[in-house]
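Written out below as structure tokens is the structure these notes cover.
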2 protein chains.
Amino acid sequence: MARFVFMMAALIVLLAGTQPTVADERPPNLVIILTDDMGYADLRAFGDSEIPTPHLDRLAGEGTRFTNAYTVAPICVPSRMGLLSGKFPARFGVFNNVYSLPSNELWVQQTTLADVLRKRGYRTANIGKWHLSGNSSADSGNELGGFVFKPPHERGFDEFVGITGGMHDFWKGTGLARFKDGRYERFESPDYLTDFFGTEACDFIQRNKSQPFFLYLAFNAPHAPLHGLDEDQAAIETSEISPNRRKYAAMVRAIDRNVGRVMQTLHNLGLAETTLTVFLNDNGGGGNNAASHTRNTAINRPYRGHKFDVWEGGIRIPFILHWPNHVPAGRSCDGIVSSMDVFPTFAKAAAAELPTDLDGVDLLPFATAKQAGDAHEALYWQQQVWSRPNERKPGPNYPQPAYNLAIRSGRWKAVKQDQPFDGTNHGRAWELYNLSRDPSELNDIASEFPEKAQQLSDAFFAWQKRMPKPMHDSKSSDAKK
Amino acid sequence: MARFVFMMAALIVLLAGTQPTVADERPPNLVIILTDDMGYADLRAFGDSEIPTPHLDRLAGEGTRFTNAYTVAPICVPSRMGLLSGKFPARFGVFNNVYSLPSNELWVQQTTLADVLRKRGYRTANIGKWHLSGNSSADSGNELGGFVFKPPHERGFDEFVGITGGMHDFWKGTGLARFKDGRYERFESPDYLTDFFGTEACDFIQRNKSQPFFLYLAFNAPHAPLHGLDEDQAAIETSEISPNRRKYAAMVRAIDRNVGRVMQTLHNLGLAETTLTVFLNDNGGGGNNAASHTRNTAINRPYRGHKFDVWEGGIRIPFILHWPNHVPAGRSCDGIVSSMDVFPTFAKAAAAELPTDLDGVDLLPFATAKQAGDAHEALYWQQQVWSRPNERKPGPNYPQPAYNLAIRSGRWKAVKQDQPFDGTNHGRAWELYNLSRDPSELNDIASEFPEKAQQLSDAFFAWQKRMPKPMHDSKSSDAKK
């Protein structure tokens, strides 16, 4: 009997260790609110913007702001892949929006956050932008429109409504796609797109109020084109603003309004305290310096660069964790975190099965100050150069001959530009920045701290060796070996 | 009789109008203290430096700081030419340290500040760096060493002691030149160079205490090479510093010590209140990103770029005006001013004859708040590109195919890079920055404010048309027509 009691006790301890105690309670609802090409400084919680965003201000005030948060990649496709897989996109050979069939084969083998949450019993939906099934065209001619392969319902989402590609008109009447109950349909947006996505999000929450749900609300605003409602434009009070910036500000205001609607819906349904929400941006703002088709007047101040760049302006993102009574209100956390941390954070909170091969880490101990410091000893970026200097051409299909590389560890950041594909060391020299003193990366101190630069270079290439070999066309399949 | 009284009164008014009332008093002593490639942020009065500079802190505290001060050029030679001529160096066709005989012909025709002050009865001296007589080599083989033509005593200076070229060792025993009483001699420095220049400056002041003097004390510190005294290096208390930065900090500390000696000498001689001193830097700091031979770890934060650049990091300079009881203590003046304003400021204060063709303006009304706003409606920079991107080569003689252009007017700054010599409009597009919101020039808003960009472009080219046509080799002499 004593032996039986002991074994039962051991079993209970074992179960408690592997299975969080919330397992038998209803796990929290989980919401990702993602914006697209928004400027780092365009939220008052992170900059000094002229754009009124009362609902996002409130979200930040009630939640914890991460002031050293990064995206896994400075461009849409790998950024979204890292978010939903919890891994560096280098693990599946995606370094830009231009990716090849072998890369896709590796990507579709990944377990997504939606997969593990659906398995845990969540109702899951992607509302808004998908951009994860091949080429970015929403009308590529096959019967699934832009879904070249593996649409959302094959990646863990019960529902999808929105756009399949990367860029889209916002006006009422523009074409959209919906997946629901295994069926695919096209329709015209009954409203300004950002408002329509807000309506769909509130409807999804309403329909699923009685069960755990995972909502991946991926606004395509404020990505170009600059389509802003007149009423939103009029609400931007300053006259010291250009016509384009006013449109952009209107797009951000529309996001804010719909974030407010979602939070109000959760509150009205009594779900405010049982919903864990993360708000973040997919990559740095498009700004005015980026490739022409993505320019949107976003402001990444004080950071250098923009979308596409491995400068801070391309990879630093606003990041808010919101979960009343679980995550402190009004706190600011300066540890280094990544968008790939959302996966383990959500899976842990849901007591869902956590894949063992994630690069991300659970952020709740950091948010609650149980754990201090950086969530990552180092973060790494490898980004295919969008275009060569002075050879900028529009469109995503311009041939890319080189990578930009970056590593951040502690206060240090090292950047290496124009690294050739062949792996030879012919790119520009590693640059070194002390972000705690020089957040704008204006003062390269590699020549002052050559050992530190070498150490980061070594760490980068050691990381790179652990990744599969990049595949640049369908003939190359080394990564599968 | 009434007619006679009226005419006398009119004559007195006329004289009072053309001749300041200080004309018959002893005019103030005039001191320029110039540093070489120092970083904008490396003085605590302008940044948050880790370098202790108590004497410069005090100079700033007792004087007026100009927080929107610019050099006329982001490199030694044209910067010094603009300072001593009171004009844009484009007026004599000098756009880099590489300049040709026709440009020199125009330059040597200029009246210098030393000329007008010597004529007014001042004893004049250049102690330190000259770099205004041709090529930068201090030992070019002719009998006057680096003085290819028109050495200091032919440009208004009674005395000269120091270095003729641009770059020089600092150690005791390195070779120097002296002009005095029409004779030229070479000798070895009896001390660490910055300390020797301080000693010479104090000696000059001592010898001339009974007459008005003009001291142009042009430290070549902290220009490379990085030679810092052990005791100065040891005095930098932080351990969070690289070996090179520590040497640089030691060089700045040596400047500070010698500024203190000069100010103490003036005080001891009872000249503190009758001496107008301006402290400024020749151009932006060499930093770590500049051409290799000028890298010196200077920090231009928050400004982008460095020496050579028309970014703020290349042209923004610390600038202090110090004249007890005449210039307010502890004041900060945010109007736009230029290094070419020193000439008219000094000439006016001395009641010397003021050339009518200066581009600079008297700063005393701005320093004393009698006049508000900017001293210049616009400032312009035209700088020969030191080297092409990715083609950086050491040394000053690498062929230069293009210009970088910039204009600042009010809060606006426009920059145009890689403008070809042939005047065609094939360089990169004009970029536009709002410096009041974006001092680091990270966010090009030309596409947002095309009319403002066009207006600044028009203003720049209108200014350029008023300058002589550039001369790039000795065959071209259009400017003389």
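To be explicit about the labels: the chains of the structure tokens are called A, B, and onward in the order shown, and within each one the residues are counted from 1, while ligands get numbers from 1 in the order they are shown.
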Next on the checklist: Using only C-alpha atoms, which protein or nucleic acid residues come within 6 Å of range 205-217 of chain B? Drop anything in the same chain fewer than 3 positions from it, and give the result as a list in words.
Outcome noted: Asn29, Leu30, Val31, Ile32, Ile33, Tyr122, Arg123, Thr124, Ala125, Asn126, Ile127, Gly128 and Cys202 of chain B
Selection file, N, CA, C and O atoms, as a short mmCIF file (atom, residue, chain, number, x, y, z; two decimals), in the first residue's frame:
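Result written to again_30.cif:
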data_model
loop_
_atom_site.label_atom_id
_atom_site.label_comp_id
_atom_site.auth_asym_id
_atom_site.auth_seq_id
_atom_site.Cartn_x
_atom_site.Cartn_y
_atom_site.Cartn_z
N ASN B 29 40.69 91.49 -27.57
CA ASN B 29 41.54 90.43 -28.11
C ASN B 29 40.62 89.37 -28.70
O ASN B 29 39.50 89.16 -28.23
N LEU B 30 41.11 88.70 -29.71
CA LEU B 30 40.27 87.74 -30.43
C LEU B 30 40.98 86.39 -30.50
O LEU B 30 42.16 86.32 -30.87
N VAL B 31 40.29 85.35 -30.10
CA VAL B 31 40.88 84.01 -30.07
C VAL B 31 39.95 83.02 -30.76
O VAL B 31 38.75 82.95 -30.42
N ILE B 32 40.48 82.31 -31.74
CA ILE B 32 39.78 81.13 -32.28
C ILE B 32 40.48 79.90 -31.73
O ILE B 32 41.71 79.77 -31.86
N ILE B 33 39.72 79.03 -31.09
CA ILE B 33 40.25 77.71 -30.73
C ILE B 33 39.54 76.69 -31.60
O ILE B 33 38.31 76.54 -31.51
N TYR B 122 46.14 94.67 -35.01
CA TYR B 122 46.27 93.46 -34.17
C TYR B 122 47.60 92.78 -34.44
O TYR B 122 48.11 92.79 -35.57
N ARG B 123 48.15 92.18 -33.41
CA ARG B 123 49.24 91.22 -33.58
C ARG B 123 48.58 89.86 -33.81
O ARG B 123 47.72 89.44 -33.03
N THR B 124 48.98 89.15 -34.85
CA THR B 124 48.24 87.96 -35.28
C THR B 124 49.15 86.73 -35.31
O THR B 124 50.32 86.83 -35.71
N ALA B 125 48.60 85.62 -34.89
CA ALA B 125 49.39 84.37 -34.91
C ALA B 125 48.51 83.18 -35.22
O ALA B 125 47.37 83.09 -34.76
N ASN B 126 49.06 82.29 -36.01
CA ASN B 126 48.47 80.95 -36.18
C ASN B 126 49.39 79.98 -35.45
O ASN B 126 50.55 79.82 -35.83
N ILE B 127 48.83 79.35 -34.42
CA ILE B 127 49.59 78.33 -33.67
C ILE B 127 48.87 77.01 -33.88
O ILE B 127 47.67 76.90 -33.60
N GLY B 128 49.60 76.02 -34.40
CA GLY B 128 49.00 74.70 -34.62
C GLY B 128 49.01 74.32 -36.08
O GLY B 128 50.05 74.32 -36.73
N CYS B 202 49.98 80.42 -24.81
CA CYS B 202 50.10 81.22 -23.58
C CYS B 202 51.26 82.22 -23.72
O CYS B 202 51.15 83.37 -23.28
#
Could you list, with a cut-off of 7 Å and counting only C-alpha atoms, the residues of chain A near chain B, each shown with its nearest atom pair and the distance in Å rounded to one decimal, rows sorted by chain and ascending number, as a tab-separated table?
residue	atom	partner	partner_atom	distance
A:Ser242	CA	B:Glu448	CA	5.5
A:Asn244	CA	B:Glu448	CA	6.1
A:Gly287	CA	B:Asn443	CA	6.9
A:Asn288	CA	B:Asp444	CA	5.7
A:Asn289	CA	B:Asp444	CA	6.2
A:Ile299	CA	B:Asn443	CA	6.8
A:Arg304	CA	B:Leu442	CA	5.8
A:Leu442	CA	B:Arg304	CA	5.8
A:Asn443	CA	B:Asn288	CA	6.5
A:Asp444	CA	B:Asn288	CA	5.6
A:Ile445	CA	B:Asn288	CA	6.0
A:Ser447	CA	B:Asn288	CA	7.0
A:Glu448	CA	B:Ser242	CA	5.6
A:Phe449	CA	B:Ser242	CA	6.3
Item to check | Distance query Phe197 in chain B at most 12 Å, only C-alpha atoms, self and fewer than 2 positions along chain excluded, as a PyMOL selection string | outcome: chain B and resi 33-34+125-129+160-163+170+172+176+178+189-195+199-204+215-221+254-255+257-259+261-262
Checklist entry - Hey, which of B:Asp334, B:Glu273, B:Asp169, B:Asp36 ends up closest to Glu188 in chain B? Count only C-alpha atoms. => result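 Smallest distance to Glu188 in chain B is found for B:Asp169.
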Would you please give, as a PDB file with N, CA, C and O atoms, in the first residue's frame, all residues of range 18-146 of chain B that DSSP assigns to alpha helix (DSSP H) based on the backbone?
ATOM      1  N   THR B  18      28.952 104.323 -39.370  1.00  0.00           N
ATOM      2  CA  THR B  18      29.927 103.513 -40.104  1.00  0.00           C
ATOM      3  C   THR B  18      31.031 102.999 -39.196  1.00  0.00           C
ATOM      4  O   THR B  18      31.673 102.017 -39.495  1.00  0.00           O
ATOM      5  N   PRO B  54      36.580  69.442 -18.185  1.00  0.00           N
ATOM      6  CA  PRO B  54      36.087  70.494 -17.264  1.00  0.00           C
ATOM      7  C   PRO B  54      36.290  71.904 -17.785  1.00  0.00           C
ATOM      8  O   PRO B  54      35.447  72.776 -17.557  1.00  0.00           O
ATOM      9  N   HIS B  55      37.395  72.147 -18.499  1.00  0.00           N
ATOM     10  CA  HIS B  55      37.642  73.521 -18.951  1.00  0.00           C
ATOM     11  C   HIS B  55      36.728  73.905 -20.104  1.00  0.00           C
ATOM     12  O   HIS B  55      36.281  75.047 -20.200  1.00  0.00           O
ATOM     13  N   LEU B  56      36.458  72.969 -20.973  1.00  0.00           N
ATOM     14  CA  LEU B  56      35.518  73.251 -22.063  1.00  0.00           C
ATOM     15  C   LEU B  56      34.082  73.332 -21.524  1.00  0.00           C
ATOM     16  O   LEU B  56      33.277  74.133 -22.013  1.00  0.00           O
ATOM     17  N   ASP B  57      33.777  72.521 -20.512  1.00  0.00           N
ATOM     18  CA  ASP B  57      32.465  72.649 -19.855  1.00  0.00           C
ATOM     19  C   ASP B  57      32.315  74.074 -19.305  1.00  0.00           C
ATOM     20  O   ASP B  57      31.260  74.699 -19.423  1.00  0.00           O
ATOM     21  N   ARG B  58      33.376  74.563 -18.696  1.00  0.00           N
ATOM     22  CA  ARG B  58      33.317  75.889 -18.092  1.00  0.00           C
ATOM     23  C   ARG B  58      33.204  76.970 -19.162  1.00  0.00           C
ATOM     24  O   ARG B  58      32.428  77.930 -19.022  1.00  0.00           O
ATOM     25  N   LEU B  59      33.975  76.806 -20.246  1.00  0.00           N
ATOM     26  CA  LEU B  59      33.891  77.766 -21.356  1.00  0.00           C
ATOM     27  C   LEU B  59      32.451  77.843 -21.876  1.00  0.00           C
ATOM     28  O   LEU B  59      31.916  78.940 -22.121  1.00  0.00           O
ATOM     29  N   ALA B  60      31.830  76.668 -22.032  1.00  0.00           N
ATOM     30  CA  ALA B  60      30.438  76.643 -22.508  1.00  0.00           C
ATOM     31  C   ALA B  60      29.514  77.272 -21.475  1.00  0.00           C
ATOM     32  O   ALA B  60      28.587  78.019 -21.830  1.00  0.00           O
ATOM     33  N   GLY B  61      29.771  76.983 -20.201  1.00  0.00           N
ATOM     34  CA  GLY B  61      28.902  77.501 -19.138  1.00  0.00           C
ATOM     35  C   GLY B  61      28.999  79.010 -18.997  1.00  0.00           C
ATOM     36  O   GLY B  61      28.036  79.683 -18.650  1.00  0.00           O
ATOM     37  N   GLU B  62      30.185  79.562 -19.275  1.00  0.00           N
ATOM     38  CA  GLU B  62      30.372  81.020 -19.171  1.00  0.00           C
ATOM     39  C   GLU B  62      30.021  81.731 -20.476  1.00  0.00           C
ATOM     40  O   GLU B  62      29.982  82.959 -20.517  1.00  0.00           O
ATOM     41  N   CYS B  76      39.015  69.219 -43.956  1.00  0.00           N
ATOM     42  CA  CYS B  76      39.966  70.218 -43.440  1.00  0.00           C
ATOM     43  C   CYS B  76      40.140  71.466 -44.303  1.00  0.00           C
ATOM     44  O   CYS B  76      39.927  72.582 -43.842  1.00  0.00           O
ATOM     45  N   VAL B  77      40.631  71.300 -45.521  1.00  0.00           N
ATOM     46  CA  VAL B  77      41.097  72.455 -46.284  1.00  0.00           C
ATOM     47  C   VAL B  77      39.981  73.459 -46.566  1.00  0.00           C
ATOM     48  O   VAL B  77      40.085  74.635 -46.172  1.00  0.00           O
ATOM     49  N   PRO B  78      38.884  73.063 -47.232  1.00  0.00           N
ATOM     50  CA  PRO B  78      37.844  74.073 -47.465  1.00  0.00           C
ATOM     51  C   PRO B  78      37.223  74.589 -46.176  1.00  0.00           C
ATOM     52  O   PRO B  78      36.798  75.752 -46.125  1.00  0.00           O
ATOM     53  N   SER B  79      37.184  73.744 -45.130  1.00  0.00           N
ATOM     54  CA  SER B  79      36.643  74.214 -43.858  1.00  0.00           C
ATOM     55  C   SER B  79      37.470  75.381 -43.313  1.00  0.00           C
ATOM     56  O   SER B  79      36.937  76.417 -42.914  1.00  0.00           O
ATOM     57  N   ARG B  80      38.796  75.238 -43.347  1.00  0.00           N
ATOM     58  CA  ARG B  80      39.679  76.300 -42.843  1.00  0.00           C
ATOM     59  C   ARG B  80      39.630  77.531 -43.757  1.00  0.00           C
ATOM     60  O   ARG B  80      39.702  78.675 -43.293  1.00  0.00           O
ATOM     61  N   MET B  81      39.490  77.280 -45.055  1.00  0.00           N
ATOM     62  CA  MET B  81      39.374  78.405 -45.990  1.00  0.00           C
ATOM     63  C   MET B  81      38.111  79.211 -45.718  1.00  0.00           C
ATOM     64  O   MET B  81      38.130  80.445 -45.744  1.00  0.00           O
ATOM     65  N   GLY B  82      37.012  78.509 -45.459  1.00  0.00           N
ATOM     66  CA  GLY B  82      35.753  79.210 -45.170  1.00  0.00           C
ATOM     67  C   GLY B  82      35.826  79.988 -43.871  1.00  0.00           C
ATOM     68  O   GLY B  82      35.325  81.113 -43.768  1.00  0.00           O
ATOM     69  N   LEU B  83      36.478  79.379 -42.886  1.00  0.00           N
ATOM     70  CA  LEU B  83      36.628  80.032 -41.586  1.00  0.00           C
ATOM     71  C   LEU B  83      37.417  81.333 -41.718  1.00  0.00           C
ATOM     72  O   LEU B  83      37.018  82.371 -41.192  1.00  0.00           O
ATOM     73  N   LEU B  84      38.532  81.290 -42.438  1.00  0.00           N
ATOM     74  CA  LEU B  84      39.427  82.456 -42.507  1.00  0.00           C
ATOM     75  C   LEU B  84      39.023  83.464 -43.579  1.00  0.00           C
ATOM     76  O   LEU B  84      39.522  84.589 -43.589  1.00  0.00           O
ATOM     77  N   SER B  85      38.133  83.061 -44.502  1.00  0.00           N
ATOM     78  CA  SER B  85      37.702  83.999 -45.549  1.00  0.00           C
ATOM     79  C   SER B  85      36.303  84.541 -45.313  1.00  0.00           C
ATOM     80  O   SER B  85      35.908  85.505 -45.965  1.00  0.00           O
ATOM     81  N   LEU B 101      45.684  74.073 -59.090  1.00  0.00           N
ATOM     82  CA  LEU B 101      46.311  75.385 -59.136  1.00  0.00           C
ATOM     83  C   LEU B 101      45.322  76.525 -59.396  1.00  0.00           C
ATOM     84  O   LEU B 101      45.384  77.555 -58.708  1.00  0.00           O
ATOM     85  N   PRO B 102      44.395  76.399 -60.356  1.00  0.00           N
ATOM     86  CA  PRO B 102      43.453  77.520 -60.558  1.00  0.00           C
ATOM     87  C   PRO B 102      42.652  77.814 -59.294  1.00  0.00           C
ATOM     88  O   PRO B 102      42.419  78.973 -58.954  1.00  0.00           O
ATOM     89  N   SER B 103      42.241  76.767 -58.584  1.00  0.00           N
ATOM     90  CA  SER B 103      41.517  76.999 -57.335  1.00  0.00           C
ATOM     91  C   SER B 103      42.395  77.755 -56.360  1.00  0.00           C
ATOM     92  O   SER B 103      41.960  78.697 -55.694  1.00  0.00           O
ATOM     93  N   ASN B 104      43.665  77.347 -56.277  1.00  0.00           N
ATOM     94  CA  ASN B 104      44.574  78.038 -55.374  1.00  0.00           C
ATOM     95  C   ASN B 104      44.709  79.503 -55.750  1.00  0.00           C
ATOM     96  O   ASN B 104      44.790  80.371 -54.883  1.00  0.00           O
ATOM     97  N   GLU B 105      44.720  79.763 -57.043  1.00  0.00           N
ATOM     98  CA  GLU B 105      44.846  81.160 -57.475  1.00  0.00           C
ATOM     99  C   GLU B 105      43.689  82.000 -56.953  1.00  0.00           C
ATOM    100  O   GLU B 105      43.876  83.130 -56.506  1.00  0.00           O
ATOM    101  N   LEU B 106      42.484  81.417 -57.013  1.00  0.00           N
ATOM    102  CA  LEU B 106      41.336  82.142 -56.470  1.00  0.00           C
ATOM    103  C   LEU B 106      41.440  82.272 -54.952  1.00  0.00           C
ATOM    104  O   LEU B 106      41.095  83.302 -54.374  1.00  0.00           O
ATOM    105  N   TRP B 107      41.887  81.221 -54.304  1.00  0.00           N
ATOM    106  CA  TRP B 107      41.981  81.234 -52.845  1.00  0.00           C
ATOM    107  C   TRP B 107      42.968  82.289 -52.368  1.00  0.00           C
ATOM    108  O   TRP B 107      42.677  83.043 -51.436  1.00  0.00           O
ATOM    109  N   VAL B 108      44.135  82.365 -53.021  1.00  0.00           N
ATOM    110  CA  VAL B 108      45.131  83.314 -52.510  1.00  0.00           C
ATOM    111  C   VAL B 108      44.741  84.762 -52.787  1.00  0.00           C
ATOM    112  O   VAL B 108      45.342  85.676 -52.227  1.00  0.00           O
ATOM    113  N   LEU B 113      40.727  86.840 -42.507  1.00  0.00           N
ATOM    114  CA  LEU B 113      40.433  87.489 -41.231  1.00  0.00           C
ATOM    115  C   LEU B 113      41.704  88.067 -40.622  1.00  0.00           C
ATOM    116  O   LEU B 113      41.699  89.184 -40.067  1.00  0.00           O
ATOM    117  N   ALA B 114      42.812  87.339 -40.770  1.00  0.00           N
ATOM    118  CA  ALA B 114      44.092  87.844 -40.238  1.00  0.00           C
ATOM    119  C   ALA B 114      44.511  89.131 -40.953  1.00  0.00           C
ATOM    120  O   ALA B 114      45.036  90.064 -40.331  1.00  0.00           O
ATOM    121  N   ASP B 115      44.258  89.185 -42.270  1.00  0.00           N
ATOM    122  CA  ASP B 115      44.572  90.411 -43.027  1.00  0.00           C
ATOM    123  C   ASP B 115      43.866  91.625 -42.420  1.00  0.00           C
ATOM    124  O   ASP B 115      44.497  92.655 -42.160  1.00  0.00           O
ATOM    125  N   VAL B 116      42.562  91.510 -42.230  1.00  0.00           N
ATOM    126  CA  VAL B 116      41.821  92.702 -41.778  1.00  0.00           C
ATOM    127  C   VAL B 116      42.162  93.045 -40.329  1.00  0.00           C
ATOM    128  O   VAL B 116      42.170  94.216 -39.949  1.00  0.00           O
ATOM    129  N   LEU B 117      42.481  92.026 -39.518  1.00  0.00           N
ATOM    130  CA  LEU B 117      42.815  92.323 -38.120  1.00  0.00           C
ATOM    131  C   LEU B 117      44.229  92.902 -38.020  1.00  0.00           C
ATOM    132  O   LEU B 117      44.475  93.813 -37.228  1.00  0.00           O
ATOM    133  N   ARG B 118      45.145  92.398 -38.826  1.00  0.00           N
ATOM    134  CA  ARG B 118      46.498  92.979 -38.823  1.00  0.00           C
ATOM    135  C   ARG B 118      46.434  94.444 -39.248  1.00  0.00           C
ATOM    136  O   ARG B 118      47.062  95.313 -38.651  1.00  0.00           O
ATOM    137  N   LYS B 119      45.621  94.698 -40.271  1.00  0.00           N
ATOM    138  CA  LYS B 119      45.448  96.067 -40.741  1.00  0.00           C
ATOM    139  C   LYS B 119      44.859  96.967 -39.643  1.00  0.00           C
ATOM    140  O   LYS B 119      45.149  98.164 -39.579  1.00  0.00           O
TER     141      LYS B 119
END
Item to check | DSSP-assigned strand (DSSP E or B) among range 16-115 of chain B, expressed as a PyMOL selection string | outcome: chain B and resi 29-35+64-70
